[in-house]
$ cat model.cif   # mmCIF, N, CA and C atoms
data_query
loop_
_atom_site.group_PDB
_atom_site.id
_atom_site.type_symbol
_atom_site.label_atom_id
_atom_site.label_comp_id
_atom_site.auth_asym_id
_atom_site.auth_seq_id
_atom_site.Cartn_x
_atom_site.Cartn_y
_atom_site.Cartn_z
ATOM 1 N N MET O 1 -10.403 -12.294 0.888
ATOM 2 C CA MET O 1 -11.386 -11.509 0.166
ATOM 3 C C MET O 1 -11.669 -12.200 -1.168
ATOM 4 N N SER O 2 -12.926 -12.387 -1.472
ATOM 5 C CA SER O 2 -13.285 -13.087 -2.704
ATOM 6 C C SER O 2 -13.020 -12.217 -3.927
ATOM 7 N N ARG O 3 -12.858 -12.897 -5.046
ATOM 8 C CA ARG O 3 -12.632 -12.180 -6.314
ATOM 9 C C ARG O 3 -13.830 -11.295 -6.654
ATOM 10 N N GLY O 4 -15.026 -11.784 -6.401
ATOM 11 C CA GLY O 4 -16.222 -10.984 -6.676
ATOM 12 C C GLY O 4 -16.258 -9.707 -5.851
ATOM 13 N N TRP O 5 -15.884 -9.797 -4.587
ATOM 14 C CA TRP O 5 -15.867 -8.617 -3.730
ATOM 15 C C TRP O 5 -14.796 -7.635 -4.202
ATOM 16 N N GLN O 6 -13.643 -8.164 -4.599
ATOM 17 C CA GLN O 6 -12.583 -7.311 -5.129
ATOM 18 C C GLN O 6 -13.044 -6.575 -6.380
ATOM 19 N N ARG O 7 -13.777 -7.259 -7.236
ATOM 20 C CA ARG O 7 -14.301 -6.625 -8.455
ATOM 21 C C ARG O 7 -15.316 -5.544 -8.098
ATOM 22 N N PHE O 8 -16.155 -5.817 -7.099
ATOM 23 C CA PHE O 8 -17.126 -4.824 -6.639
ATOM 24 C C PHE O 8 -16.402 -3.563 -6.146
ATOM 25 N N LEU O 9 -15.372 -3.738 -5.323
ATOM 26 C CA LEU O 9 -14.617 -2.588 -4.809
ATOM 27 C C LEU O 9 -13.962 -1.811 -5.945
ATOM 28 N N GLU O 10 -13.450 -2.527 -6.939
ATOM 29 C CA GLU O 10 -12.840 -1.864 -8.093
ATOM 30 C C GLU O 10 -13.878 -1.048 -8.868
ATOM 31 N N LEU O 11 -15.067 -1.596 -9.047
ATOM 32 C CA LEU O 11 -16.141 -0.839 -9.709
ATOM 33 C C LEU O 11 -16.453 0.440 -8.948
ATOM 34 N N CYS O 12 -16.526 0.341 -7.634
ATOM 35 C CA CYS O 12 -16.818 1.515 -6.809
ATOM 36 C C CYS O 12 -15.731 2.570 -6.952
ATOM 37 N N ARG O 13 -14.486 2.148 -7.042
ATOM 38 C CA ARG O 13 -13.377 3.095 -7.200
ATOM 39 C C ARG O 13 -13.409 3.775 -8.573
ATOM 40 N N GLN O 14 -13.955 3.106 -9.571
ATOM 41 C CA GLN O 14 -13.951 3.651 -10.930
ATOM 42 C C GLN O 14 -15.008 4.721 -11.153
ATOM 43 N N VAL O 15 -16.093 4.674 -10.404
ATOM 44 C CA VAL O 15 -17.152 5.657 -10.623
ATOM 45 C C VAL O 15 -16.724 7.020 -10.112
ATOM 46 N N GLN O 16 -17.278 8.044 -10.732
ATOM 47 C CA GLN O 16 -16.939 9.409 -10.344
ATOM 48 C C GLN O 16 -18.215 10.153 -10.011
ATOM 49 N N GLY O 17 -18.370 10.434 -8.762
ATOM 50 C CA GLY O 17 -19.506 11.232 -8.315
ATOM 51 C C GLY O 17 -20.682 10.400 -7.865
ATOM 52 N N GLU O 18 -21.571 11.081 -7.161
ATOM 53 C CA GLU O 18 -22.736 10.442 -6.574
ATOM 54 C C GLU O 18 -23.693 9.873 -7.620
ATOM 55 N N ASP O 19 -23.880 10.575 -8.734
ATOM 56 C CA ASP O 19 -24.796 10.093 -9.768
ATOM 57 C C ASP O 19 -24.329 8.756 -10.345
ATOM 58 N N GLU O 20 -23.042 8.662 -10.663
ATOM 59 C CA GLU O 20 -22.516 7.409 -11.217
ATOM 60 C C GLU O 20 -22.584 6.286 -10.183
ATOM 61 N N LEU O 21 -22.299 6.610 -8.934
ATOM 62 C CA LEU O 21 -22.388 5.605 -7.881
ATOM 63 C C LEU O 21 -23.827 5.117 -7.726
ATOM 64 N N ASN O 22 -24.771 6.024 -7.789
ATOM 65 C CA ASN O 22 -26.182 5.658 -7.715
ATOM 66 C C ASN O 22 -26.573 4.757 -8.888
ATOM 67 N N HIS O 23 -26.118 5.080 -10.097
ATOM 68 C CA HIS O 23 -26.405 4.237 -11.269
ATOM 69 C C HIS O 23 -25.820 2.834 -11.079
ATOM 70 N N LEU O 24 -24.601 2.767 -10.571
ATOM 71 C CA LEU O 24 -23.966 1.474 -10.340
ATOM 72 C C LEU O 24 -24.774 0.640 -9.353
ATOM 73 N N PHE O 25 -25.155 1.256 -8.232
ATOM 74 C CA PHE O 25 -25.893 0.502 -7.225
ATOM 75 C C PHE O 25 -27.300 0.129 -7.701
ATOM 76 N N GLN O 26 -27.905 0.963 -8.527
ATOM 77 C CA GLN O 26 -29.206 0.598 -9.093
ATOM 78 C C GLN O 26 -29.074 -0.609 -10.020
ATOM 79 N N ALA O 27 -27.944 -0.706 -10.692
ATOM 80 C CA ALA O 27 -27.716 -1.845 -11.591
ATOM 81 C C ALA O 27 -27.391 -3.118 -10.814
ATOM 82 N N LEU O 28 -26.702 -2.973 -9.693
ATOM 83 C CA LEU O 28 -26.238 -4.152 -8.951
ATOM 84 C C LEU O 28 -27.198 -4.629 -7.869
ATOM 85 N N LEU O 29 -27.961 -3.726 -7.296
ATOM 86 C CA LEU O 29 -28.779 -4.054 -6.125
ATOM 87 C C LEU O 29 -30.259 -3.841 -6.403
ATOM 88 N N THR O 30 -31.071 -4.679 -5.788
ATOM 89 C CA THR O 30 -32.516 -4.468 -5.870
ATOM 90 C C THR O 30 -32.895 -3.306 -4.957
ATOM 91 N N GLY O 31 -34.091 -2.813 -5.113
ATOM 92 C CA GLY O 31 -34.578 -1.756 -4.232
ATOM 93 C C GLY O 31 -34.556 -2.178 -2.775
ATOM 94 N N GLU O 32 -34.919 -3.416 -2.514
ATOM 95 C CA GLU O 32 -34.904 -3.932 -1.132
ATOM 96 C C GLU O 32 -33.487 -3.971 -0.575
ATOM 97 N N GLU O 33 -32.531 -4.345 -1.394
ATOM 98 C CA GLU O 33 -31.133 -4.388 -0.941
ATOM 99 C C GLU O 33 -30.615 -2.987 -0.641
ATOM 100 N N ARG O 34 -30.973 -2.014 -1.482
ATOM 101 C CA ARG O 34 -30.551 -0.639 -1.226
ATOM 102 C C ARG O 34 -31.186 -0.106 0.054
ATOM 103 N N THR O 35 -32.452 -0.426 0.275
ATOM 104 C CA THR O 35 -33.129 -0.015 1.505
ATOM 105 C C THR O 35 -32.470 -0.658 2.716
ATOM 106 N N ALA O 36 -32.127 -1.939 2.616
ATOM 107 C CA ALA O 36 -31.474 -2.639 3.727
ATOM 108 C C ALA O 36 -30.118 -2.017 4.056
ATOM 109 N N ILE O 37 -29.373 -1.622 3.040
ATOM 110 C CA ILE O 37 -28.080 -0.973 3.269
ATOM 111 C C ILE O 37 -28.296 0.375 3.963
ATOM 112 N N GLY O 38 -29.286 1.112 3.517
ATOM 113 C CA GLY O 38 -29.609 2.389 4.163
ATOM 114 C C GLY O 38 -29.978 2.200 5.623
ATOM 115 N N HIS O 39 -30.771 1.169 5.898
ATOM 116 C CA HIS O 39 -31.132 0.884 7.289
ATOM 117 C C HIS O 39 -29.904 0.501 8.101
ATOM 118 N N ARG O 40 -29.017 -0.293 7.520
ATOM 119 C CA ARG O 40 -27.813 -0.711 8.251
ATOM 120 C C ARG O 40 -26.966 0.506 8.625
ATOM 121 N N ILE O 41 -26.838 1.452 7.702
ATOM 122 C CA ILE O 41 -26.074 2.666 7.994
ATOM 123 C C ILE O 41 -26.726 3.436 9.133
ATOM 124 N N GLU O 42 -28.025 3.570 9.086
ATOM 125 C CA GLU O 42 -28.746 4.275 10.152
ATOM 126 C C GLU O 42 -28.607 3.542 11.484
ATOM 127 N N ILE O 43 -28.678 2.221 11.462
ATOM 128 C CA ILE O 43 -28.527 1.417 12.682
ATOM 129 C C ILE O 43 -27.139 1.646 13.285
ATOM 130 N N LEU O 44 -26.107 1.507 12.478
ATOM 131 C CA LEU O 44 -24.743 1.677 12.972
ATOM 132 C C LEU O 44 -24.539 3.080 13.520
ATOM 133 N N SER O 45 -24.978 4.078 12.782
ATOM 134 C CA SER O 45 -24.804 5.467 13.193
ATOM 135 C C SER O 45 -25.494 5.745 14.520
ATOM 136 N N SER O 46 -26.744 5.333 14.622
ATOM 137 C CA SER O 46 -27.520 5.611 15.821
ATOM 138 C C SER O 46 -26.994 4.845 17.036
ATOM 139 N N LEU O 47 -26.700 3.572 16.856
ATOM 140 C CA LEU O 47 -26.219 2.783 17.995
ATOM 141 C C LEU O 47 -24.840 3.246 18.459
ATOM 142 N N MET O 48 -23.963 3.587 17.533
ATOM 143 C CA MET O 48 -22.631 4.045 17.924
ATOM 144 C C MET O 48 -22.697 5.401 18.619
ATOM 145 N N ALA O 49 -23.679 6.215 18.261
ATOM 146 C CA ALA O 49 -23.848 7.520 18.900
ATOM 147 C C ALA O 49 -24.601 7.406 20.215
ATOM 148 N N GLY O 50 -25.262 6.270 20.445
ATOM 149 C CA GLY O 50 -26.032 6.081 21.671
ATOM 150 C C GLY O 50 -27.251 6.984 21.742
ATOM 151 N N GLU O 51 -27.816 7.305 20.588
ATOM 152 C CA GLU O 51 -28.928 8.254 20.516
ATOM 153 C C GLU O 51 -30.260 7.683 20.987
ATOM 154 N N GLU O 52 -30.446 6.384 20.794
ATOM 155 C CA GLU O 52 -31.731 5.784 21.149
ATOM 156 C C GLU O 52 -31.549 4.297 21.370
ATOM 157 N N SER O 53 -32.548 3.684 22.000
ATOM 158 C CA SER O 53 -32.483 2.254 22.261
ATOM 159 C C SER O 53 -32.725 1.478 20.964
ATOM 160 N N GLN O 54 -32.408 0.199 21.001
ATOM 161 C CA GLN O 54 -32.663 -0.643 19.828
ATOM 162 C C GLN O 54 -34.143 -0.673 19.499
ATOM 163 N N ARG O 55 -34.993 -0.726 20.506
ATOM 164 C CA ARG O 55 -36.447 -0.746 20.266
ATOM 165 C C ARG O 55 -36.922 0.558 19.635
ATOM 166 N N GLU O 56 -36.435 1.689 20.145
ATOM 167 C CA GLU O 56 -36.814 2.985 19.578
ATOM 168 C C GLU O 56 -36.356 3.091 18.125
ATOM 169 N N LEU O 57 -35.147 2.637 17.873
ATOM 170 C CA LEU O 57 -34.604 2.671 16.513
ATOM 171 C C LEU O 57 -35.431 1.807 15.568
ATOM 172 N N ALA O 58 -35.762 0.589 16.004
ATOM 173 C CA ALA O 58 -36.581 -0.309 15.181
ATOM 174 C C ALA O 58 -37.938 0.332 14.874
ATOM 175 N N ALA O 59 -38.546 0.942 15.885
ATOM 176 C CA ALA O 59 -39.855 1.575 15.684
ATOM 177 C C ALA O 59 -39.750 2.765 14.732
ATOM 178 N N ARG O 60 -38.698 3.575 14.896
ATOM 179 C CA ARG O 60 -38.537 4.753 14.041
ATOM 180 C C ARG O 60 -38.347 4.377 12.579
ATOM 181 N N LEU O 61 -37.576 3.310 12.348
ATOM 182 C CA LEU O 61 -37.295 2.905 10.967
ATOM 183 C C LEU O 61 -38.352 1.958 10.400
ATOM 184 N N GLY O 62 -39.216 1.437 11.258
ATOM 185 C CA GLY O 62 -40.222 0.485 10.792
ATOM 186 C C GLY O 62 -39.611 -0.855 10.415
ATOM 187 N N ILE O 63 -38.605 -1.284 11.191
ATOM 188 C CA ILE O 63 -37.926 -2.558 10.941
ATOM 189 C C ILE O 63 -38.000 -3.420 12.193
ATOM 190 N N SER O 64 -37.648 -4.678 12.052
ATOM 191 C CA SER O 64 -37.721 -5.589 13.202
ATOM 192 C C SER O 64 -36.570 -5.341 14.163
ATOM 193 N N ILE O 65 -36.803 -5.673 15.418
ATOM 194 C CA ILE O 65 -35.747 -5.582 16.419
ATOM 195 C C ILE O 65 -34.609 -6.535 16.060
ATOM 196 N N ALA O 66 -34.907 -7.646 15.396
ATOM 197 C CA ALA O 66 -33.869 -8.592 14.983
ATOM 198 C C ALA O 66 -32.908 -7.942 13.991
ATOM 199 N N THR O 67 -33.425 -7.111 13.106
ATOM 200 C CA THR O 67 -32.574 -6.405 12.155
ATOM 201 C C THR O 67 -31.632 -5.455 12.887
ATOM 202 N N VAL O 68 -32.145 -4.756 13.877
ATOM 203 C CA VAL O 68 -31.313 -3.856 14.672
ATOM 204 C C VAL O 68 -30.280 -4.654 15.461
ATOM 205 N N THR O 69 -30.688 -5.782 16.012
ATOM 206 C CA THR O 69 -29.766 -6.626 16.780
ATOM 207 C C THR O 69 -28.629 -7.130 15.904
ATOM 208 N N ARG O 70 -28.916 -7.494 14.654
ATOM 209 C CA ARG O 70 -27.838 -7.916 13.742
ATOM 210 C C ARG O 70 -26.828 -6.790 13.537
ATOM 211 N N GLY O 71 -27.311 -5.577 13.402
ATOM 212 C CA GLY O 71 -26.409 -4.430 13.274
ATOM 213 C C GLY O 71 -25.595 -4.221 14.540
ATOM 214 N N SER O 72 -26.239 -4.383 15.685
ATOM 215 C CA SER O 72 -25.548 -4.244 16.961
ATOM 216 C C SER O 72 -24.466 -5.312 17.116
ATOM 217 N N ASN O 73 -24.800 -6.536 16.731
ATOM 218 C CA ASN O 73 -23.817 -7.621 16.805
ATOM 219 C C ASN O 73 -22.646 -7.373 15.858
ATOM 220 N N ASN O 74 -22.931 -6.757 14.716
ATOM 221 C CA ASN O 74 -21.863 -6.431 13.775
ATOM 222 C C ASN O 74 -20.897 -5.421 14.398
ATOM 223 N N ILE O 75 -21.428 -4.433 15.101
ATOM 224 C CA ILE O 75 -20.581 -3.444 15.771
ATOM 225 C C ILE O 75 -19.657 -4.139 16.772
ATOM 226 N N LYS O 76 -20.201 -5.088 17.516
ATOM 227 C CA LYS O 76 -19.416 -5.797 18.531
ATOM 228 C C LYS O 76 -18.263 -6.583 17.908
ATOM 229 N N ARG O 77 -18.423 -7.024 16.677
ATOM 230 C CA ARG O 77 -17.379 -7.802 16.001
ATOM 231 C C ARG O 77 -16.322 -6.943 15.319
ATOM 232 N N LEU O 78 -16.545 -5.647 15.225
ATOM 233 C CA LEU O 78 -15.598 -4.763 14.550
ATOM 234 C C LEU O 78 -14.307 -4.617 15.347
ATOM 235 N N SER O 79 -13.219 -4.495 14.629
ATOM 236 C CA SER O 79 -11.954 -4.166 15.284
ATOM 237 C C SER O 79 -12.046 -2.726 15.782
ATOM 238 N N GLU O 80 -11.196 -2.369 16.714
ATOM 239 C CA GLU O 80 -11.179 -0.995 17.220
ATOM 240 C C GLU O 80 -10.888 -0.013 16.085
ATOM 241 N N GLN O 81 -10.008 -0.403 15.174
ATOM 242 C CA GLN O 81 -9.666 0.455 14.030
ATOM 243 C C GLN O 81 -10.907 0.721 13.167
ATOM 244 N N ASN O 82 -11.684 -0.325 12.876
ATOM 245 C CA ASN O 82 -12.904 -0.142 12.075
ATOM 246 C C ASN O 82 -13.959 0.659 12.827
ATOM 247 N N ARG O 83 -14.031 0.465 14.137
ATOM 248 C CA ARG O 83 -14.993 1.218 14.943
ATOM 249 C C ARG O 83 -14.676 2.716 14.900
ATOM 250 N N VAL O 84 -13.404 3.066 15.047
ATOM 251 C CA VAL O 84 -12.987 4.466 14.985
ATOM 252 C C VAL O 84 -13.253 5.031 13.589
ATOM 253 N N PHE O 85 -12.933 4.248 12.561
ATOM 254 C CA PHE O 85 -13.182 4.667 11.180
ATOM 255 C C PHE O 85 -14.662 5.005 10.983
ATOM 256 N N LEU O 86 -15.551 4.109 11.426
ATOM 257 C CA LEU O 86 -16.985 4.350 11.264
ATOM 258 C C LEU O 86 -17.461 5.540 12.078
ATOM 259 N N LYS O 87 -16.986 5.659 13.305
ATOM 260 C CA LYS O 87 -17.399 6.789 14.141
ATOM 261 C C LYS O 87 -17.035 8.117 13.486
ATOM 262 N N ASP O 88 -15.871 8.161 12.844
ATOM 263 C CA ASP O 88 -15.453 9.379 12.153
ATOM 264 C C ASP O 88 -16.284 9.632 10.893
ATOM 265 N N LEU O 89 -16.689 8.577 10.229
ATOM 266 C CA LEU O 89 -17.394 8.681 8.955
ATOM 267 C C LEU O 89 -18.896 8.906 9.121
ATOM 268 N N LEU O 90 -19.532 8.222 10.049
ATOM 269 C CA LEU O 90 -20.990 8.205 10.148
ATOM 270 C C LEU O 90 -21.653 9.498 10.596
ATOM 271 N N PRO O 91 -21.000 10.392 11.345
ATOM 272 C CA PRO O 91 -21.714 11.626 11.703
ATOM 273 C C PRO O 91 -22.118 12.468 10.498
ATOM 274 N N PHE O 92 -21.567 12.167 9.332
ATOM 275 C CA PHE O 92 -21.877 12.951 8.145
ATOM 276 C C PHE O 92 -23.121 12.434 7.419
ATOM 277 N N THR O 93 -23.791 11.422 7.976
ATOM 278 C CA THR O 93 -25.009 10.910 7.360
ATOM 279 C C THR O 93 -26.220 11.605 7.966
ATOM 280 N N THR O 94 -27.275 11.692 7.211
ATOM 281 C CA THR O 94 -28.516 12.301 7.679
ATOM 282 C C THR O 94 -29.472 11.206 8.129
ATOM 283 N N PRO O 95 -30.014 11.293 9.351
ATOM 284 C CA PRO O 95 -30.929 10.250 9.828
ATOM 285 C C PRO O 95 -32.145 10.093 8.935
ATOM 286 N N ILE O 96 -32.620 8.864 8.826
ATOM 287 C CA ILE O 96 -33.831 8.587 8.062
ATOM 288 C C ILE O 96 -34.998 8.468 9.029
ATOM 289 N N HIS O 97 -36.145 8.848 8.567
ATOM 290 C CA HIS O 97 -37.362 8.726 9.362
ATOM 291 C C HIS O 97 -38.422 8.054 8.512
ATOM 292 N N ARG O 98 -39.265 7.264 9.183
ATOM 293 C CA ARG O 98 -40.369 6.648 8.455
ATOM 294 C C ARG O 98 -41.274 7.731 7.895
ATOM 295 N N LYS O 99 -41.852 7.458 6.744
ATOM 296 C CA LYS O 99 -42.715 8.441 6.092
ATOM 297 C C LYS O 99 -43.880 8.857 6.984
ATOM 298 N N ASP O 100 -44.450 7.906 7.752
ATOM 299 C CA ASP O 100 -45.603 8.250 8.570
ATOM 300 C C ASP O 100 -45.218 9.010 9.844
ATOM 301 N N ASN O 101 -43.899 9.186 10.100
ATOM 302 C CA ASN O 101 -43.454 9.951 11.264
ATOM 303 C C ASN O 101 -42.940 11.337 10.878
ATOM 304 N N GLN O 102 -43.001 11.701 9.632
ATOM 305 C CA GLN O 102 -42.456 12.995 9.205
ATOM 306 C C GLN O 102 -43.448 14.102 9.415
#
$ encode --input "model.cif" --output "C-alpha cells"
Amino acid sequence: MSRGWQRFLELCRQVQGEDELNHLFQALLTGEERTAIGHRIEILSSLMAGEESQRELAARLGISIATVTRGSNNIKRLSEQNRVFLKDLLPFTTPIHRKDNQ
C-alpha cells in the first residue's frame, strides 16, 4: 500500500459525519472523479445483485459499456472476503437514475 493511499485512508478516518466527508472529497476529487466513483458503486451494486444486464445498466446510467465492463472485471478480481463485504455493504445504497429517465 502506498504512503499516499495510507494518508488518504487516515484522512477519511479523521472526518466525522457525512458533511465533513463530503467537504474532504470535494477538496480532493474533481466533479468528474466523484461522478465516476458514484457510477462505480452503482455498477458494483447492480451487477452483484444481478438486477440488470451490463447493457441495461450502461443505458440507465448514461455511461459506456466499457465502463460497466471494467466494474464487472473488478468484481471478478475480488477475493471472496471482499465480495462478501461488498454484498453486505452495498444494499444500503440508493440506485441512481439518469435525469432524463426520472
$ closest_residue --input "model.cif" --among "O:Arg3, O:Ser46, O:Leu21, O:Phe8" --to "Leu86 in chain O" --atoms "only C-alpha atoms"
O:Ser46
$ axis_aligned_box --input "model.cif" --around "range 16-22 of chain O" --padding-each-side "8 Å" --output "lines of an AutoDock Vina configuration file"
center_x = -21.8
center_y = 8.0
center_z = -8.9
size_x = 25.6
size_y = 22.5
size_z = 20.6
$ resolve_selection --input "model.cif" --expression "the PyMOL selection byres (((chain O and resi 24 and name CA) around 12) and name CA)" --output "PyMOL selection string"
chain O and resi 8-23+25-30+34
$ atom_distance --input "model.cif" --atom1 "CA of Ser72 in chain O" --atom2 "CA of Gln6 in chain O"
25.8 Å
$ atom_distance --input "model.cif" --atom1 "CA of Thr69 in chain O" --atom2 "CA of Arg55 in chain O"
9.6 Å
$ atom_distance --input "model.cif" --atom1 "atom N of Ala66 in chain O" --atom2 "atom C of Gln54 in chain O"
8.1 Å
